[in-house]
Amino acid sequence: MDRRCLKYCLTPAERRSFNRNGYLIVRDALPKARVRKLIKATERVDVKTRKVERIGPDERVHTREFLGEDQAFIDLIAYPRLLPKVWGILGWNIHIYLAHLDVTPIEPPDSKRGVGLGWHQDTGRVNQEMETRPRPRLSVKVAYFLSDTSEPGRGNFHVIPGSQLKDKMTFPRGDRKRMVNGGVPILAPKGSAVIFDRRLWHSARANYWTEPRKVAFYGYGYRWLQARGPCDVGKFWEKMDPIERQLCRNPPSDVHGWTSPKDEDVPLKGWIEKNVKNGLVGP
Ligand SMILES: O=C(O)CCC(=O)C(=O)O
C-alpha cells in the first residue's frame with residue numbers, strides 16, 4: 001500500500017463528527033475518470049443482474065455478486081482515500097463482511113411507491129442479541145455515490161443523525177416506511193463517499209430524479225464476525241497484495257487466527273505499525 005494514503009487518515013474532527021452523527025461524508029472521494037469506469041462497470045452488472053434474476057426495469061437491482069466483475073470494483077477494496085478512515089474507526093483486524101451494488105431506477109409517473117423508505121439498522125439479529133447498551137459498533141459501510149444525489153428527491157440515502165446510539169427508535173404508528181422526525185436525506189454528489197456506522201438508523205428512498213441512482217456499498221467488520229455476503233473476487237485474487245487479501249477474507253493458517261491473529265494473518269496491522277506514528281488508529 002502506498003504511504004501517500006496516510007494523508008487521508010481520519011482527522012480528530014472527522015472522528016468527533018463520526019462519533020456524534022454516525023456518518024461522515026467524504027467529498028471528491030473518487031476522481032472523475034474513476035467514476036466513469038465505475039459507472040460503466042455498474043451498467044454492465046445492472047444489465048446482467050436484471051437478465052439473470054429477471055428484475056423488471058422499474059425494480060431496484062441489489063446485488064452482492066459484483067466485486068469480481070471489474071478491476072474498478074476491486075480497486076475500492078483497499079481504496080487509499082477511504083481505507084485509512086475505516087481503519088481509523090475500526091482498527092486493523094478487519095475485512096469485508098458484505099458488499100453490494102445498488103441501482104435504483106427512476107420511478108415511473110404512475111408509481112404507487114410513495115417515499116419508498118424502510119428504516120433499519122444493519123446486521124439483523126446482532127441488534128437483538130447483544131446485551132450491552134448502546135450496542136457495539138462492530139462494522140461500518142462505505143457507500144460510493146456514482147450518480148448525483150446532491151439534492152433531495154434523487155433516491156437519496158437517508159439517515160437519522162445520532163441514532164447509532166439509540167437501540168430503539170419509535171416510528172409514527174410503528175411504521176418504518178414513513179418519514180420520521182430527525183430523518184434527513186444525505187446530499188451526496190457524484191464521486192463522494194459516505195462512511196456510516198452499522199447501528200445508524202438509515203434507509204434507501206424511491207428515486208424521483210431523471211437518472212437511475214447508482215451506489216456501491218463496501219461493508220468492513222471485524223474478522224471474527226460472520227460474513228453476510230460473498231466476497232468473490234474471482235481471477236483478481238491472484239494479483240492482490242497481502243493487505244487486499246486480508247480484506248477479502250484470506251483464511252488464517254489456524255482457525256484461531258480469526259480471533260487471535262498472528263501477524264501474517266493481518267498484514268494491515270504490520271503496515272500500520274510501520275507507517276502510522278500518531279497511534280490514532282482504532283476505537
Ligand atoms: O440504498 C440506500 O440508500 C440504503 C442502503 C442500505 O440500507 C444499506 O446498505 O443497508
# chains A, B, ... in the order shown; residues from 1 in each chain; ligands from 1
call {"tool": "residues_near_ligand", "arguments": {"ligand": "ligand 1", "cutoff": "6 Å", "atoms": "only C-alpha atoms and all ligand atoms", "output": "PyMOL selection string"}}
result
chain A and resi 122+156-157+202-204
call {"tool": "write_last_selection", "arguments": {"atoms": "C-alpha atoms", "output": "CSV table (one decimal), in the first residue's frame"}}
result
chain,number,residue,atom,x,y,z
A,122,ASP,CA,-27.6,-3.2,9.7
A,156,ASN,CA,-31.0,9.8,-1.6
A,157,PHE,CA,-29.6,7.7,1.2
A,202,HIS,CA,-30.9,4.6,7.8
A,203,SER,CA,-32.9,3.9,4.6
A,204,ALA,CA,-32.9,4.0,0.9
call {"tool": "residues_around", "arguments": {"residues": "Pro152 in chain A", "least_positions_apart": "5", "cutoff": "10 Å", "atoms": "only C-alpha atoms", "output": "list in words"}}
result
Phe157, His158, Val184, Pro185, Ile186, Leu187, Ala188, Asn207, Tyr208 and Trp209 of chain A
call {"tool": "write_last_selection", "arguments": {"atoms": "N, CA and C atoms", "output": "tab-separated table (two decimals), in the first residue's frame"}}
result
chain	number	residue	atom	x	y	z
A	157	PHE	N	-29.78	8.42	-0.04
A	157	PHE	CA	-29.56	7.67	1.20
A	157	PHE	C	-30.08	8.55	2.33
A	158	HIS	N	-30.89	7.97	3.23
A	158	HIS	CA	-31.44	8.74	4.35
A	158	HIS	C	-30.89	8.24	5.69
A	184	VAL	N	-33.06	12.68	7.71
A	184	VAL	CA	-32.60	13.64	6.69
A	184	VAL	C	-32.03	12.91	5.47
A	185	PRO	N	-32.21	13.52	4.28
A	185	PRO	CA	-31.53	12.94	3.11
A	185	PRO	C	-30.06	13.34	3.14
A	186	ILE	N	-29.20	12.41	2.78
A	186	ILE	CA	-27.78	12.75	2.62
A	186	ILE	C	-27.62	13.33	1.22
A	187	LEU	N	-27.03	14.51	1.15
A	187	LEU	CA	-26.87	15.18	-0.15
A	187	LEU	C	-25.46	14.86	-0.67
A	188	ALA	N	-25.37	13.72	-1.30
A	188	ALA	CA	-24.05	13.23	-1.73
A	188	ALA	C	-23.87	13.42	-3.23
A	207	ASN	N	-36.63	6.90	-6.13
A	207	ASN	CA	-35.86	7.85	-6.92
A	207	ASN	C	-36.77	8.61	-7.89
A	208	TYR	N	-37.00	9.88	-7.62
A	208	TYR	CA	-37.85	10.69	-8.50
A	208	TYR	C	-37.02	11.63	-9.38
A	209	TRP	N	-35.76	11.32	-9.54
A	209	TRP	CA	-34.87	12.13	-10.37
A	209	TRP	C	-34.90	11.61	-11.80
call {"tool": "closest_atom_pairs", "arguments": {"of": "range 49-71 of chain A", "to": "range 79-103 of chain A", "cutoff": "6 Å", "atoms": "only C-alpha atoms", "output": "tab-separated table"}}
result
residue	atom	partner	partner_atom	distance
A:Arg60	CA	A:Val103	CA	5.7
A:Val61	CA	A:Val103	CA	5.0
A:His62	CA	A:Asp102	CA	4.5
A:Thr63	CA	A:Leu101	CA	5.4
A:Arg64	CA	A:His100	CA	4.4
call {"tool": "write_last_selection", "arguments": {"atoms": "N, CA and C atoms", "output": "PDB file, in the first residue's frame"}}
result
ATOM      1  N   ARG A  60     -35.575  -2.164  -8.272  1.00  0.00           N
ATOM      2  CA  ARG A  60     -34.198  -1.880  -7.875  1.00  0.00           C
ATOM      3  C   ARG A  60     -33.313  -3.120  -8.046  1.00  0.00           C
ATOM      4  N   VAL A  61     -32.096  -2.916  -8.517  1.00  0.00           N
ATOM      5  CA  VAL A  61     -31.105  -4.000  -8.508  1.00  0.00           C
ATOM      6  C   VAL A  61     -30.273  -3.870  -7.242  1.00  0.00           C
ATOM      7  N   HIS A  62     -30.166  -4.973  -6.520  1.00  0.00           N
ATOM      8  CA  HIS A  62     -29.342  -5.021  -5.304  1.00  0.00           C
ATOM      9  C   HIS A  62     -28.577  -6.331  -5.415  1.00  0.00           C
ATOM     10  N   THR A  63     -27.296  -6.239  -5.786  1.00  0.00           N
ATOM     11  CA  THR A  63     -26.552  -7.485  -5.972  1.00  0.00           C
ATOM     12  C   THR A  63     -25.295  -7.526  -5.112  1.00  0.00           C
ATOM     13  N   ARG A  64     -25.032  -8.721  -4.569  1.00  0.00           N
ATOM     14  CA  ARG A  64     -23.805  -8.932  -3.789  1.00  0.00           C
ATOM     15  C   ARG A  64     -22.739  -9.612  -4.643  1.00  0.00           C
TER      16      ARG A  64
END
call {"tool": "atom_distance", "arguments": {"atom1": "CA of Gly229 in chain A", "atom2": "CA of Glu65 in chain A"}}
result
8.7 Å
call {"tool": "closest_residue", "arguments": {"among": "A:Gly270, A:Gly219, A:Gly174, A:Gly183", "to": "Gly162 in chain A", "atoms": "only C-alpha atoms"}}
result
A:Gly183
call {"tool": "residues_around", "arguments": {"residues": "range 114-120 of chain A", "least_positions_apart": "2", "cutoff": "10 Å", "atoms": "only C-alpha atoms", "output": "PDB file with N, CA and C atoms, in the first residue's frame"}}
result
ATOM      1  N   GLU A 107     -38.482   6.371 -10.775  1.00  0.00           N
ATOM      2  CA  GLU A 107     -39.875   5.957 -10.533  1.00  0.00           C
ATOM      3  C   GLU A 107     -40.729   6.321 -11.745  1.00  0.00           C
ATOM      4  N   SER A 111     -46.185   5.716 -10.484  1.00  0.00           N
ATOM      5  CA  SER A 111     -45.692   4.928  -9.346  1.00  0.00           C
ATOM      6  C   SER A 111     -46.562   5.081  -8.114  1.00  0.00           C
ATOM      7  N   LYS A 112     -46.772   3.950  -7.403  1.00  0.00           N
ATOM      8  CA  LYS A 112     -47.536   3.996  -6.148  1.00  0.00           C
ATOM      9  C   LYS A 112     -46.592   3.810  -4.953  1.00  0.00           C
ATOM     10  N   ASP A 122     -28.179  -2.038  10.434  1.00  0.00           N
ATOM     11  CA  ASP A 122     -27.636  -3.195   9.719  1.00  0.00           C
ATOM     12  C   ASP A 122     -27.419  -4.383  10.656  1.00  0.00           C
ATOM     13  N   THR A 123     -27.293  -5.550  10.043  1.00  0.00           N
ATOM     14  CA  THR A 123     -26.850  -6.818  10.671  1.00  0.00           C
ATOM     15  C   THR A 123     -27.859  -7.511  11.584  1.00  0.00           C
ATOM     16  N   GLY A 124     -29.131  -7.373  11.275  1.00  0.00           N
ATOM     17  CA  GLY A 124     -30.192  -8.236  11.799  1.00  0.00           C
ATOM     18  C   GLY A 124     -30.154  -8.560  13.285  1.00  0.00           C
ATOM     19  N   GLY A 153     -34.733  14.092  -3.307  1.00  0.00           N
ATOM     20  CA  GLY A 153     -35.622  13.601  -4.372  1.00  0.00           C
ATOM     21  C   GLY A 153     -34.909  12.740  -5.398  1.00  0.00           C
ATOM     22  N   GLY A 155     -33.447   9.747  -4.873  1.00  0.00           N
ATOM     23  CA  GLY A 155     -33.216   8.404  -4.319  1.00  0.00           C
ATOM     24  C   GLY A 155     -32.153   8.444  -3.239  1.00  0.00           C
ATOM     25  N   PHE A 157     -29.778   8.424  -0.037  1.00  0.00           N
ATOM     26  CA  PHE A 157     -29.556   7.668   1.195  1.00  0.00           C
ATOM     27  C   PHE A 157     -30.082   8.553   2.331  1.00  0.00           C
ATOM     28  N   HIS A 158     -30.889   7.970   3.234  1.00  0.00           N
ATOM     29  CA  HIS A 158     -31.445   8.739   4.355  1.00  0.00           C
ATOM     30  C   HIS A 158     -30.895   8.235   5.689  1.00  0.00           C
ATOM     31  N   VAL A 159     -30.699   9.146   6.627  1.00  0.00           N
ATOM     32  CA  VAL A 159     -30.192   8.751   7.949  1.00  0.00           C
ATOM     33  C   VAL A 159     -30.912   9.555   9.032  1.00  0.00           C
ATOM     34  N   ILE A 160     -30.834   9.026  10.256  1.00  0.00           N
ATOM     35  CA  ILE A 160     -31.261   9.800  11.430  1.00  0.00           C
ATOM     36  C   ILE A 160     -29.978  10.080  12.224  1.00  0.00           C
ATOM     37  N   MET A 169     -35.899   2.826  18.356  1.00  0.00           N
ATOM     38  CA  MET A 169     -36.415   4.068  17.776  1.00  0.00           C
ATOM     39  C   MET A 169     -37.926   3.946  17.734  1.00  0.00           C
ATOM     40  N   PHE A 171     -41.226   4.941  15.626  1.00  0.00           N
ATOM     41  CA  PHE A 171     -41.638   5.424  14.317  1.00  0.00           C
ATOM     42  C   PHE A 171     -43.141   5.711  14.377  1.00  0.00           C
ATOM     43  N   ASP A 175     -44.522   2.473  11.956  1.00  0.00           N
ATOM     44  CA  ASP A 175     -44.330   2.240  10.523  1.00  0.00           C
ATOM     45  C   ASP A 175     -42.952   2.746  10.092  1.00  0.00           C
ATOM     46  N   ARG A 176     -42.100   1.829   9.753  1.00  0.00           N
ATOM     47  CA  ARG A 176     -40.738   2.210   9.357  1.00  0.00           C
ATOM     48  C   ARG A 176     -40.658   2.707   7.920  1.00  0.00           C
ATOM     49  N   LYS A 177     -41.804   2.754   7.261  1.00  0.00           N
ATOM     50  CA  LYS A 177     -41.782   3.178   5.846  1.00  0.00           C
ATOM     51  C   LYS A 177     -42.110   4.659   5.696  1.00  0.00           C
ATOM     52  N   ARG A 178     -42.324   5.330   6.855  1.00  0.00           N
ATOM     53  CA  ARG A 178     -42.672   6.755   6.771  1.00  0.00           C
ATOM     54  C   ARG A 178     -41.467   7.634   7.068  1.00  0.00           C
ATOM     55  N   MET A 179     -41.603   8.905   6.716  1.00  0.00           N
ATOM     56  CA  MET A 179     -40.574   9.863   7.119  1.00  0.00           C
ATOM     57  C   MET A 179     -40.718  10.055   8.622  1.00  0.00           C
ATOM     58  N   VAL A 180     -39.614  10.285   9.302  1.00  0.00           N
ATOM     59  CA  VAL A 180     -39.625  10.349  10.749  1.00  0.00           C
ATOM     60  C   VAL A 180     -38.941  11.650  11.177  1.00  0.00           C
ATOM     61  N   GLY A 183     -35.150  12.551  10.553  1.00  0.00           N
ATOM     62  CA  GLY A 183     -34.605  11.865   9.375  1.00  0.00           C
ATOM     63  C   GLY A 183     -34.200  12.882   8.313  1.00  0.00           C
ATOM     64  N   ARG A 198     -22.892   0.874  11.400  1.00  0.00           N
ATOM     65  CA  ARG A 198     -23.969  -0.083  11.091  1.00  0.00           C
ATOM     66  C   ARG A 198     -25.194   0.139  11.981  1.00  0.00           C
ATOM     67  N   ARG A 199     -25.005   0.803  13.143  1.00  0.00           N
ATOM     68  CA  ARG A 199     -26.141   0.996  14.066  1.00  0.00           C
ATOM     69  C   ARG A 199     -26.994   2.196  13.690  1.00  0.00           C
ATOM     70  N   LEU A 200     -26.466   3.044  12.811  1.00  0.00           N
ATOM     71  CA  LEU A 200     -27.207   4.241  12.403  1.00  0.00           C
ATOM     72  C   LEU A 200     -28.524   3.821  11.743  1.00  0.00           C
ATOM     73  N   TRP A 201     -29.630   4.366  12.193  1.00  0.00           N
ATOM     74  CA  TRP A 201     -30.899   4.079  11.515  1.00  0.00           C
ATOM     75  C   TRP A 201     -30.852   4.778  10.163  1.00  0.00           C
ATOM     76  N   HIS A 202     -31.055   3.996   9.104  1.00  0.00           N
ATOM     77  CA  HIS A 202     -30.885   4.550   7.756  1.00  0.00           C
ATOM     78  C   HIS A 202     -31.848   3.877   6.788  1.00  0.00           C
ATOM     79  N   SER A 203     -31.912   4.427   5.612  1.00  0.00           N
ATOM     80  CA  SER A 203     -32.872   3.910   4.633  1.00  0.00           C
ATOM     81  C   SER A 203     -32.503   4.343   3.222  1.00  0.00           C
ATOM     82  N   ALA A 204     -32.931   3.533   2.269  1.00  0.00           N
ATOM     83  CA  ALA A 204     -32.945   3.970   0.869  1.00  0.00           C
ATOM     84  C   ALA A 204     -34.240   4.746   0.655  1.00  0.00           C
ATOM     85  N   ARG A 205     -34.409   5.335  -0.507  1.00  0.00           N
ATOM     86  CA  ARG A 205     -35.650   6.045  -0.809  1.00  0.00           C
ATOM     87  C   ARG A 205     -35.933   5.950  -2.313  1.00  0.00           C
ATOM     88  N   ALA A 206     -37.197   6.051  -2.669  1.00  0.00           N
ATOM     89  CA  ALA A 206     -37.547   5.983  -4.097  1.00  0.00           C
ATOM     90  C   ALA A 206     -36.885   7.138  -4.850  1.00  0.00           C
ATOM     91  N   ASN A 207     -36.627   6.901  -6.128  1.00  0.00           N
ATOM     92  CA  ASN A 207     -35.861   7.853  -6.917  1.00  0.00           C
ATOM     93  C   ASN A 207     -36.775   8.612  -7.892  1.00  0.00           C
ATOM     94  N   TYR A 208     -36.996   9.876  -7.616  1.00  0.00           N
ATOM     95  CA  TYR A 208     -37.849  10.687  -8.499  1.00  0.00           C
ATOM     96  C   TYR A 208     -37.024  11.634  -9.376  1.00  0.00           C
TER      97      TYR A 208
END
call {"tool": "closest_atom_pairs", "arguments": {"of": "range 131-248 of chain A", "to": "range 16-25 of chain A", "cutoff": "6 Å", "atoms": "only C-alpha atoms", "output": "CSV"}}
result
residue,atom,partner,partner_atom,distance
A:Pro161,CA,A:Asn21,CA,4.7
A:Gly162,CA,A:Asn21,CA,4.3
A:Gln164,CA,A:Gly22,CA,5.8
A:Ala193,CA,A:Ile25,CA,5.9
A:Val194,CA,A:Ile25,CA,4.5
A:Ile195,CA,A:Leu24,CA,5.3
A:Phe196,CA,A:Tyr23,CA,4.2
A:Asp197,CA,A:Gly22,CA,5.3
A:Leu200,CA,A:Gly22,CA,5.9
call {"tool": "write_last_selection", "arguments": {"atoms": "C-alpha atoms", "output": "PDB file, in the first residue's frame"}}
result
ATOM      1  CA  PRO A 161     -28.095  11.547  12.676  1.00  0.00           C
ATOM      2  CA  GLY A 162     -27.007  10.420  16.132  1.00  0.00           C
ATOM      3  CA  GLN A 164     -26.478   4.953  16.210  1.00  0.00           C
ATOM      4  CA  ALA A 193     -18.396   8.603  -0.349  1.00  0.00           C
ATOM      5  CA  VAL A 194     -20.307   8.219   2.907  1.00  0.00           C
ATOM      6  CA  ILE A 195     -18.994   6.110   5.789  1.00  0.00           C
ATOM      7  CA  PHE A 196     -21.708   5.034   8.212  1.00  0.00           C
ATOM      8  CA  ASP A 197     -21.912   3.130  11.466  1.00  0.00           C
ATOM      9  CA  LEU A 200     -27.207   4.241  12.403  1.00  0.00           C
TER      10      LEU A 200
END
call {"tool": "atom_distance", "arguments": {"atom1": "CA of Pro242 in chain A", "atom2": "CA of Leu268 in chain A"}}
result
8.2 Å
call {"tool": "atom_distance", "arguments": {"atom1": "CA of Thr259 in chain A", "atom2": "CA of Val126 in chain A"}}
result
17.9 Å
call {"tool": "residues_around", "arguments": {"residues": "Pro252 in chain A", "least_positions_apart": "5", "cutoff": "8 Å", "atoms": "only C-alpha atoms", "output": "PyMOL selection string"}}
result
chain A and resi 257-258+261+265
call {"tool": "select_by_dssp", "arguments": {"residues": "range 126-228 of chain A", "states": "alpha helix (DSSP H)", "output": "PyMOL selection string"}}
result
chain A and resi 126-129
call {"tool": "write_last_selection", "arguments": {"atoms": "C-alpha atoms", "output": "compact mmCIF listing (two decimals), in the first residue's frame"}}
result
# COMPACT_ATOMS: atom_id res chain seq x y z
CA VAL A 126 -26.98 -8.53 16.21
CA ASN A 127 -29.45 -5.80 17.17
CA GLN A 128 -31.45 -8.13 19.41
CA GLU A 129 -28.86 -10.48 20.84
call {"tool": "select_by_dssp", "arguments": {"residues": "range 44-262 of chain A", "states": "strand (DSSP E or B)", "output": "VMD selection string"}}
result
chain A and resid 61 to 63 94 to 104 106 120 139 to 145 149 154 158 to 159 184 to 185 188 193 to 197 202 to 203 207 213 to 222
call {"tool": "write_last_selection", "arguments": {"atoms": "N, CA and C atoms", "output": "short mmCIF file (atom, residue, chain, number, x, y, z; two decimals), in the first residue's frame"}}
result
data_model
loop_
_atom_site.label_atom_id
_atom_site.label_comp_id
_atom_site.auth_asym_id
_atom_site.auth_seq_id
_atom_site.Cartn_x
_atom_site.Cartn_y
_atom_site.Cartn_z
N VAL A 61 -32.10 -2.92 -8.52
CA VAL A 61 -31.11 -4.00 -8.51
C VAL A 61 -30.27 -3.87 -7.24
N HIS A 62 -30.17 -4.97 -6.52
CA HIS A 62 -29.34 -5.02 -5.30
C HIS A 62 -28.58 -6.33 -5.42
N THR A 63 -27.30 -6.24 -5.79
CA THR A 63 -26.55 -7.49 -5.97
C THR A 63 -25.30 -7.53 -5.11
N ILE A 94 -9.71 -6.20 10.44
CA ILE A 94 -10.96 -6.04 9.67
C ILE A 94 -10.90 -6.78 8.33
N HIS A 95 -12.07 -7.00 7.79
CA HIS A 95 -12.19 -7.42 6.39
C HIS A 95 -13.58 -7.03 5.88
N ILE A 96 -13.80 -7.32 4.61
CA ILE A 96 -15.11 -7.01 4.02
C ILE A 96 -16.11 -8.07 4.47
N TYR A 97 -17.16 -7.65 5.15
CA TYR A 97 -18.15 -8.65 5.59
C TYR A 97 -19.33 -8.70 4.63
N LEU A 98 -19.46 -7.66 3.80
CA LEU A 98 -20.57 -7.59 2.85
C LEU A 98 -20.27 -6.47 1.86
N ALA A 99 -20.56 -6.71 0.62
CA ALA A 99 -20.50 -5.60 -0.36
C ALA A 99 -21.72 -5.75 -1.26
N HIS A 100 -22.32 -4.65 -1.62
CA HIS A 100 -23.45 -4.73 -2.56
C HIS A 100 -23.47 -3.51 -3.48
N LEU A 101 -24.00 -3.77 -4.65
CA LEU A 101 -24.11 -2.72 -5.66
C LEU A 101 -25.60 -2.50 -5.91
N ASP A 102 -26.03 -1.25 -5.81
CA ASP A 102 -27.46 -0.96 -5.93
C ASP A 102 -27.74 0.02 -7.06
N VAL A 103 -28.70 -0.30 -7.87
CA VAL A 103 -29.16 0.63 -8.91
C VAL A 103 -30.65 0.85 -8.70
N THR A 104 -31.01 2.09 -8.38
CA THR A 104 -32.42 2.44 -8.13
C THR A 104 -32.95 3.16 -9.35
N ILE A 106 -35.47 5.13 -12.09
CA ILE A 106 -36.37 6.29 -11.97
C ILE A 106 -37.78 5.77 -11.72
N HIS A 120 -33.88 1.05 9.03
CA HIS A 120 -33.32 -0.14 9.70
C HIS A 120 -31.90 0.17 10.19
N SER A 139 -19.13 -2.81 12.88
CA SER A 139 -18.85 -2.69 11.44
C SER A 139 -19.30 -1.33 10.93
N VAL A 140 -18.75 -0.97 9.79
CA VAL A 140 -19.18 0.25 9.09
C VAL A 140 -19.33 -0.08 7.62
N LYS A 141 -20.06 0.76 6.91
CA LYS A 141 -20.11 0.62 5.46
C LYS A 141 -19.59 1.89 4.82
N VAL A 142 -18.95 1.73 3.66
CA VAL A 142 -18.59 2.89 2.84
C VAL A 142 -19.47 2.83 1.59
N ALA A 143 -20.21 3.90 1.35
CA ALA A 143 -21.08 3.97 0.17
C ALA A 143 -20.43 4.93 -0.83
N TYR A 144 -20.17 4.45 -2.03
CA TYR A 144 -19.58 5.29 -3.09
C TYR A 144 -20.70 5.70 -4.04
N PHE A 145 -20.90 7.00 -4.17
CA PHE A 145 -22.01 7.51 -5.00
C PHE A 145 -21.54 7.73 -6.43
N THR A 149 -26.60 12.74 -6.12
CA THR A 149 -27.73 12.84 -5.17
C THR A 149 -27.51 14.08 -4.28
N ARG A 154 -33.63 12.47 -5.15
CA ARG A 154 -32.84 11.72 -6.14
C ARG A 154 -32.53 10.30 -5.64
N HIS A 158 -30.89 7.97 3.23
CA HIS A 158 -31.44 8.74 4.35
C HIS A 158 -30.89 8.24 5.69
N VAL A 159 -30.70 9.15 6.63
CA VAL A 159 -30.19 8.75 7.95
C VAL A 159 -30.91 9.55 9.03
N VAL A 184 -33.06 12.68 7.71
CA VAL A 184 -32.60 13.64 6.69
C VAL A 184 -32.03 12.91 5.47
N PRO A 185 -32.21 13.52 4.28
CA PRO A 185 -31.53 12.94 3.11
C PRO A 185 -30.06 13.34 3.14
N ALA A 188 -25.37 13.72 -1.30
CA ALA A 188 -24.05 13.23 -1.73
C ALA A 188 -23.87 13.42 -3.23
N ALA A 193 -18.21 9.85 -1.10
CA ALA A 193 -18.40 8.60 -0.35
C ALA A 193 -18.98 8.96 1.01
N VAL A 194 -19.76 8.03 1.56
CA VAL A 194 -20.31 8.22 2.91
C VAL A 194 -19.93 6.99 3.72
N ILE A 195 -19.27 7.22 4.87
CA ILE A 195 -18.99 6.11 5.79
C ILE A 195 -20.08 6.15 6.84
N PHE A 196 -20.71 5.01 7.13
CA PHE A 196 -21.71 5.03 8.21
C PHE A 196 -21.60 3.83 9.13
N ASP A 197 -21.91 4.09 10.37
CA ASP A 197 -21.91 3.13 11.47
C ASP A 197 -23.08 2.18 11.24
N HIS A 202 -31.05 4.00 9.10
CA HIS A 202 -30.89 4.55 7.76
C HIS A 202 -31.85 3.88 6.79
N SER A 203 -31.91 4.43 5.61
CA SER A 203 -32.87 3.91 4.63
C SER A 203 -32.50 4.34 3.22
N ASN A 207 -36.63 6.90 -6.13
CA ASN A 207 -35.86 7.85 -6.92
C ASN A 207 -36.77 8.61 -7.89
N ARG A 213 -30.26 5.95 -9.75
CA ARG A 213 -29.26 6.18 -8.71
C ARG A 213 -28.36 4.95 -8.61
N LYS A 214 -27.04 5.20 -8.60
CA LYS A 214 -26.09 4.08 -8.57
C LYS A 214 -25.15 4.26 -7.38
N VAL A 215 -25.10 3.26 -6.51
CA VAL A 215 -24.22 3.34 -5.34
C VAL A 215 -23.59 1.97 -5.10
N ALA A 216 -22.28 1.97 -4.79
CA ALA A 216 -21.58 0.73 -4.41
C ALA A 216 -21.28 0.79 -2.91
N PHE A 217 -21.69 -0.26 -2.19
CA PHE A 217 -21.52 -0.30 -0.73
C PHE A 217 -20.46 -1.34 -0.36
N TYR A 218 -19.49 -0.94 0.45
CA TYR A 218 -18.45 -1.85 0.93
C TYR A 218 -18.52 -1.87 2.46
N GLY A 219 -18.90 -3.02 3.02
CA GLY A 219 -19.02 -3.14 4.48
C GLY A 219 -17.75 -3.74 5.07
N TYR A 220 -17.18 -3.09 6.08
CA TYR A 220 -15.98 -3.59 6.76
C TYR A 220 -16.35 -3.93 8.20
N GLY A 221 -15.98 -5.13 8.63
CA GLY A 221 -16.27 -5.52 10.00
C GLY A 221 -15.09 -6.28 10.57
N TYR A 222 -15.17 -6.61 11.85
CA TYR A 222 -14.09 -7.37 12.46
C TYR A 222 -14.02 -8.76 11.85
#
call {"tool": "closest_residue", "arguments": {"among": "A:Ala13, A:Leu138, A:Ala227, A:Val35", "to": "Cys248 in chain A", "atoms": "only C-alpha atoms"}}
result
A:Ala227
call {"tool": "closest_residue", "arguments": {"among": "A:Ile39, A:Leu67, A:Glu273, A:Asp46", "to": "Asp232 in chain A", "atoms": "only C-alpha atoms"}}
result
A:Leu67
call {"tool": "decode", "arguments": {"residues": "range 213-250 of chain A", "atoms": "C-alpha atoms", "output": "CSV table (one decimal), in the first residue's frame"}}
result
chain,number,residue,atom,x,y,z
A,213,ARG,CA,-29.3,6.2,-8.7
A,214,LYS,CA,-26.1,4.1,-8.6
A,215,VAL,CA,-24.2,3.3,-5.3
A,216,ALA,CA,-21.6,0.7,-4.4
A,217,PHE,CA,-21.5,-0.3,-0.7
A,218,TYR,CA,-18.4,-1.9,0.9
A,219,GLY,CA,-19.0,-3.1,4.5
A,220,TYR,CA,-16.0,-3.6,6.8
A,221,GLY,CA,-16.3,-5.5,10.0
A,222,TYR,CA,-14.1,-7.4,12.5
A,223,ARG,CA,-12.6,-10.6,11.1
A,224,TRP,CA,-14.3,-12.6,13.9
A,225,LEU,CA,-17.8,-11.6,12.7
A,226,GLN,CA,-19.6,-14.0,10.5
A,227,ALA,CA,-19.8,-12.6,6.9
A,228,ARG,CA,-23.1,-11.6,5.4
A,229,GLY,CA,-22.3,-12.0,1.8
A,230,PRO,CA,-19.8,-13.4,-0.7
A,231,CYS,CA,-16.5,-11.7,-1.3
A,232,ASP,CA,-15.8,-13.4,-4.6
A,233,VAL,CA,-13.1,-11.6,-6.5
A,234,GLY,CA,-12.5,-14.4,-9.0
A,235,LYS,CA,-9.5,-14.0,-11.2
A,236,PHE,CA,-8.4,-10.8,-9.4
A,237,TRP,CA,-7.3,-12.8,-6.3
A,238,GLU,CA,-4.0,-13.8,-8.0
A,239,LYS,CA,-2.9,-10.2,-8.4
A,240,MET,CA,-3.9,-8.9,-5.0
A,241,ASP,CA,-1.4,-7.8,-2.4
A,242,PRO,CA,-1.4,-9.2,1.1
A,243,ILE,CA,-3.5,-6.3,2.5
A,244,GLU,CA,-6.1,-6.7,-0.2
A,245,ARG,CA,-6.2,-10.4,0.5
A,246,GLN,CA,-6.7,-9.8,4.3
A,247,LEU,CA,-9.6,-7.5,3.4
A,248,CYS,CA,-11.0,-10.2,1.1
A,249,ARG,CA,-11.1,-12.8,4.0
A,250,ASN,CA,-7.9,-14.7,3.4
